[in-house]
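Engineer: Pasting a structure below so you can have a look.
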Amino acid sequence: MSQPLPEADTLVRHAGLLATLRGPRPRLGAALRDLGAIRDAAVAMRAGRIVFVGPDADLGASVRTTANVIEIDAGGAAVIPGFVDAHTHLAYAGDRDDEIRARLAGASYEEIASQGGGIVRTVTATRAVSREDLTLLVRGRLDRALGLGTTSVEVKSGYGLSLAAEKASLEAITAAAASHPARVVRTYLGAHEIPLDRRADREGYIAEMVTVAIPEIARLRLAEFADVFCERGVFTAEESRRILGAAAAAGLALRIHADEFSDQGGAALAAELGARSADHLIQVSDEGIAAMARAGVVATLMPAASFFLKLGRFAPARKMIDAGVSIALGSDTNPGGGLSASIPFAMTLACFGMGLSVEEALSAATIGGAMSLGLENEVGSIEVGKRADLLILRSDRLLDLVRVGENPVARVLANGRLAA
Ligand code: NIG
Ligand code: FE
């Protein structure tokens, strides 16, 4: 007896090149260049889930369609998975444009932060807005990211810092995500900085995070991940171990800002604690890379942060790929210099700054991001059973993804619906 054919309510037909990114996960080493491409392909979906992927010629014999099926003709253009932006700080109010101008005039990020600028200024601005207004700000940024092809996005708190303000930020992220086509993953980043009003009581602030804030955030299910800014002048590796240890004990998954401006052993700490991801890694050591490869920690890289902070170097992505580390990309959207929410721009810098091929950058921006967020069975590739998140490009040339200045994405399907 043959199985009944799956039913489809939406079809995307005539993809000149369908980059499925299907196959074993994580994609490591040479597999990053394999896009699992199908020529003249179709994708069928129902109620937001993919039910068929294959040659367009096989579609008729493979699915039944509902009476009011929506059929989208890709016209021979490339179709790729929706982008997964694995690192953003988009829950903030206000701006720090004066700091960006100061950097253009030669000041460094760390100098500005040590002179009272940086994260703590955005904390003041973010605490001053209502949760409803912050929700609107987050939603507007999710909308703009979606228009650029980002269908899954990690969003951190970290500009509230008191327990009440961190909860309000995570509630705003939750509320913005509830009514949004993008898939949002929430990260508690109470350890982004020591707030100004607790500077005289550093130990008290950390102890409160560990014993009160983290258990409460976990109990209220306000976040999937916890993160720490482990950096010279911010949180030490020992403090980071304590905070992330408490987060793991409370049931949160772990990620960490590691080795961005200086090598603090953050990558090795991520490996020791079983973190899902270590992020930035511009100054990571060879030992840190080896530890990440052994422990299966994903390297989430934000080349736009190197670029906008004028750091003069990028994370050693080639070395990490060769060592067998799983790679993801993020935009690092933030008010201090995360000036671009565009994943194609991050891909461009990954290619021209970090030495990746377009295929490797696309893997990192899709299934790599899904691995970084623990969503590898849900998003990041075009496979039966996954969320129907796909992008129809303007042409069949993948190189168009790294031509800066025009949006290479013609249409966005998120959760099986045309979203942009
Ligand atoms: O570069 N976490 C550290 N710094 C952020 C930017 C935060 C800010 O400057 O507001 C980052 O990831
Ligand atoms: Fe960051």
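Just so we're on the same page: first chain in the structure tokens is A, next is B, and so on; residues restart at 1 for each chain, and ligands are numbered from 1 in the order they show up.
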List the spatial neighbours of Ala74 in chain A as JSON, numbers by chain - criterion: any atom at most 9 Å away, only C-alpha atoms, same-chain residues fewer than 5 positions off excluded.
Structural biologist: {"A": [12, 13, 14, 15, 16, 79, 392, 393, 394]}
Engineer: Take the residues from that selection and put them in a file with N, CA, C and O atoms, as a short mmCIF file (atom, residue, chain, number, x, y, z; two decimals), in the first residue's frame.
Structural biologist:
data_model
loop_
_atom_site.label_atom_id
_atom_site.label_comp_id
_atom_site.auth_asym_id
_atom_site.auth_seq_id
_atom_site.Cartn_x
_atom_site.Cartn_y
_atom_site.Cartn_z
N VAL A 12 6.77 26.81 -3.46
CA VAL A 12 7.74 27.67 -4.14
C VAL A 12 8.29 26.84 -5.29
O VAL A 12 8.83 25.75 -5.07
N ARG A 13 8.11 27.32 -6.52
CA ARG A 13 8.49 26.52 -7.69
C ARG A 13 9.58 27.21 -8.51
O ARG A 13 9.79 28.41 -8.40
N HIS A 14 10.24 26.42 -9.31
CA HIS A 14 11.24 26.91 -10.26
C HIS A 14 12.37 27.69 -9.59
O HIS A 14 12.69 28.80 -10.00
N ALA A 15 12.92 27.08 -8.56
CA ALA A 15 14.17 27.61 -7.99
C ALA A 15 15.30 27.15 -8.92
O ALA A 15 15.53 25.94 -9.06
N GLY A 16 15.98 28.09 -9.55
CA GLY A 16 17.09 27.71 -10.45
C GLY A 16 18.13 26.92 -9.68
O GLY A 16 18.68 25.93 -10.15
N VAL A 79 17.15 29.87 -4.23
CA VAL A 79 16.37 29.83 -2.99
C VAL A 79 17.27 29.22 -1.91
O VAL A 79 17.94 28.20 -2.14
N ILE A 392 13.94 33.82 -1.34
CA ILE A 392 14.09 33.79 -2.79
C ILE A 392 14.99 34.97 -3.14
O ILE A 392 14.68 36.13 -2.81
N LEU A 393 16.12 34.68 -3.75
CA LEU A 393 17.06 35.75 -4.10
C LEU A 393 16.65 36.42 -5.40
O LEU A 393 15.70 36.01 -6.07
N ARG A 394 17.39 37.47 -5.76
CA ARG A 394 17.04 38.20 -6.98
C ARG A 394 17.61 37.55 -8.23
O ARG A 394 17.24 37.91 -9.34
#
Engineer: Which residues in range 133-228 of chain A does DSSP call strand (DSSP E or B)? List them as an NGL selection string.
Structural biologist: :A and (150-156 or 183-191 or 225-228)
Engineer: Please return, as a count of residues only, all residues of range 162-351 of chain A that DSSP assigns to alpha helix (DSSP H) on the basis of the backbone.
Structural biologist: 81
Engineer: Quick one: residues within 12 Å of Ala237 in chain A, only C-alpha atoms counted, chain neighbours fewer than 3 positions away excluded, as a ChimeraX atom specification?
Structural biologist: /A:228-234,240-245,256-259,262-270,272-273
Engineer: Write a file of the just-selected residues containing C-alpha atoms, as a PDB file, in the first residue's frame.
Structural biologist:
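New file selection_5.pdb:
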ATOM      1  CA  VAL A 228      28.558  36.689  30.153  1.00  0.00           C
ATOM      2  CA  PHE A 229      30.829  39.434  28.764  1.00  0.00           C
ATOM      3  CA  CYS A 230      34.106  37.781  29.811  1.00  0.00           C
ATOM      4  CA  GLU A 231      36.625  40.504  29.045  1.00  0.00           C
ATOM      5  CA  ARG A 232      39.441  42.618  30.445  1.00  0.00           C
ATOM      6  CA  GLY A 233      37.764  45.328  32.568  1.00  0.00           C
ATOM      7  CA  VAL A 234      34.378  43.589  32.571  1.00  0.00           C
ATOM      8  CA  SER A 240      32.234  34.102  34.392  1.00  0.00           C
ATOM      9  CA  ARG A 241      32.667  30.490  35.537  1.00  0.00           C
ATOM     10  CA  ARG A 242      30.625  31.222  38.656  1.00  0.00           C
ATOM     11  CA  ILE A 243      27.818  32.998  36.803  1.00  0.00           C
ATOM     12  CA  LEU A 244      27.545  30.477  33.982  1.00  0.00           C
ATOM     13  CA  GLY A 245      27.791  27.593  36.457  1.00  0.00           C
ATOM     14  CA  ILE A 256      29.793  33.514  26.297  1.00  0.00           C
ATOM     15  CA  HIS A 257      31.399  36.677  24.908  1.00  0.00           C
ATOM     16  CA  ALA A 258      34.903  35.275  24.707  1.00  0.00           C
ATOM     17  CA  ASP A 259      38.333  36.628  23.770  1.00  0.00           C
ATOM     18  CA  SER A 262      41.936  40.210  24.800  1.00  0.00           C
ATOM     19  CA  ASP A 263      42.542  36.504  25.370  1.00  0.00           C
ATOM     20  CA  GLN A 264      40.978  35.735  28.746  1.00  0.00           C
ATOM     21  CA  GLY A 265      40.736  31.984  28.231  1.00  0.00           C
ATOM     22  CA  GLY A 266      37.066  32.407  27.356  1.00  0.00           C
ATOM     23  CA  ALA A 267      37.081  29.742  24.654  1.00  0.00           C
ATOM     24  CA  ALA A 268      38.571  27.147  27.013  1.00  0.00           C
ATOM     25  CA  LEU A 269      36.037  28.151  29.680  1.00  0.00           C
ATOM     26  CA  ALA A 270      33.198  27.629  27.178  1.00  0.00           C
ATOM     27  CA  GLU A 272      34.950  23.367  30.190  1.00  0.00           C
ATOM     28  CA  LEU A 273      31.356  24.380  30.947  1.00  0.00           C
TER      29      LEU A 273
END
Engineer: List as JSON, numbers by chain the protein and nucleic acid residues lying within 10 Å of ligand 2, with only C-alpha atoms and all ligand atoms counted.
Structural biologist: {"A": [87, 88, 89, 155, 156, 158, 189, 192, 227, 228, 229, 256, 257, 258, 260, 279, 280, 301, 302, 305, 330, 331, 332, 333, 334, 338]}
Engineer: Which residues come within 8 Å of Arg33 in chain A, counting only C-alpha atoms, excluding same-chain residues fewer than 4 positions away, as a PDB file with N, CA, C and O atoms, in the first residue's frame?
Structural biologist:
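Generated file (out.pdb):
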ATOM      1  N   SER A 357      34.877  31.140   1.819  1.00  0.00           N
ATOM      2  CA  SER A 357      34.218  31.148   0.510  1.00  0.00           C
ATOM      3  C   SER A 357      32.758  31.532   0.730  1.00  0.00           C
ATOM      4  O   SER A 357      32.241  31.494   1.864  1.00  0.00           O
ATOM      5  N   GLU A 359      30.200  29.866  -0.104  1.00  0.00           N
ATOM      6  CA  GLU A 359      29.465  28.685   0.389  1.00  0.00           C
ATOM      7  C   GLU A 359      29.689  28.500   1.885  1.00  0.00           C
ATOM      8  O   GLU A 359      28.742  28.199   2.629  1.00  0.00           O
ATOM      9  N   GLU A 360      30.925  28.666   2.333  1.00  0.00           N
ATOM     10  CA  GLU A 360      31.203  28.527   3.771  1.00  0.00           C
ATOM     11  C   GLU A 360      30.456  29.602   4.569  1.00  0.00           C
ATOM     12  O   GLU A 360      29.887  29.315   5.635  1.00  0.00           O
ATOM     13  N   SER A 363      26.794  28.653   4.774  1.00  0.00           N
ATOM     14  CA  SER A 363      26.586  27.584   5.770  1.00  0.00           C
ATOM     15  C   SER A 363      26.596  28.167   7.183  1.00  0.00           C
ATOM     16  O   SER A 363      25.744  27.821   8.017  1.00  0.00           O
TER      17      SER A 363
END
Engineer: For Ala165 in chain A, please output as a PyMOL selection string all residues within 12 Å (counting only C-alpha atoms; exclusion window: fewer than 4 positions along the same chain).
Structural biologist: chain A and resi 91-92+123-131+134+157-161+169-172+188-190+195+213+217
Engineer: Might you pull out every residue within 12 Å of Arg221 in chain A, with only C-alpha atoms counted and same-chain residues fewer than 2 positions away left off, and present them as number ranges by chain?
Structural biologist: A: 167, 170-171, 174, 185-188, 214-219, 223-226, 250-252
Engineer: Which is closest to ligand 1 among A:Arg417, A:Arg139, A:Arg255, A:Arg318, if we use only C-alpha atoms and all ligand atoms?
Structural biologist: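 Counting only C-alpha atoms and all ligand atoms, the residue closest to ligand 1 is A:Arg255.
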Engineer: Go through A:Leu18, A:Ala86, A:Val384, A:Leu5 one by one, measure the shortest atom-to-atom distance of each to Val63 in chain A using only C-alpha atoms, and give the residue with the smallest value.
Structural biologist: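 Among the listed residues, A:Leu5 lies closest to Val63 in chain A.
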Engineer: From the options A:Ser2, A:Thr122, A:Thr366, A:Ser372, which residue's atoms come nearest to Glu193 in chain A, counting only C-alpha atoms?
Structural biologist: A:Thr122
Engineer: With distances taken over only C-alpha atoms, which of A:Ile72, A:Ile80, A:Ala107, A:Leu11 is nearest to Gly48 in chain A?
Structural biologist: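 Of all the options, A:Leu11 lies closest to Gly48 in chain A.
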Engineer: Extract, using only C-alpha atoms, all DNA, RNA and protein residues at most 10 Å from Val53 in chain A, discarding same-chain residues fewer than 2 positions from it, and format them as a list in words.
Structural biologist: Val12, Leu18, Thr20, Ile38, Ala41, Ala42, Val43, Ala44, Met45, Ile50, Val51, Pro55, Asp56, Asp58, Leu59, Ser62, Ile382, Glu383 and Val384 of chain A
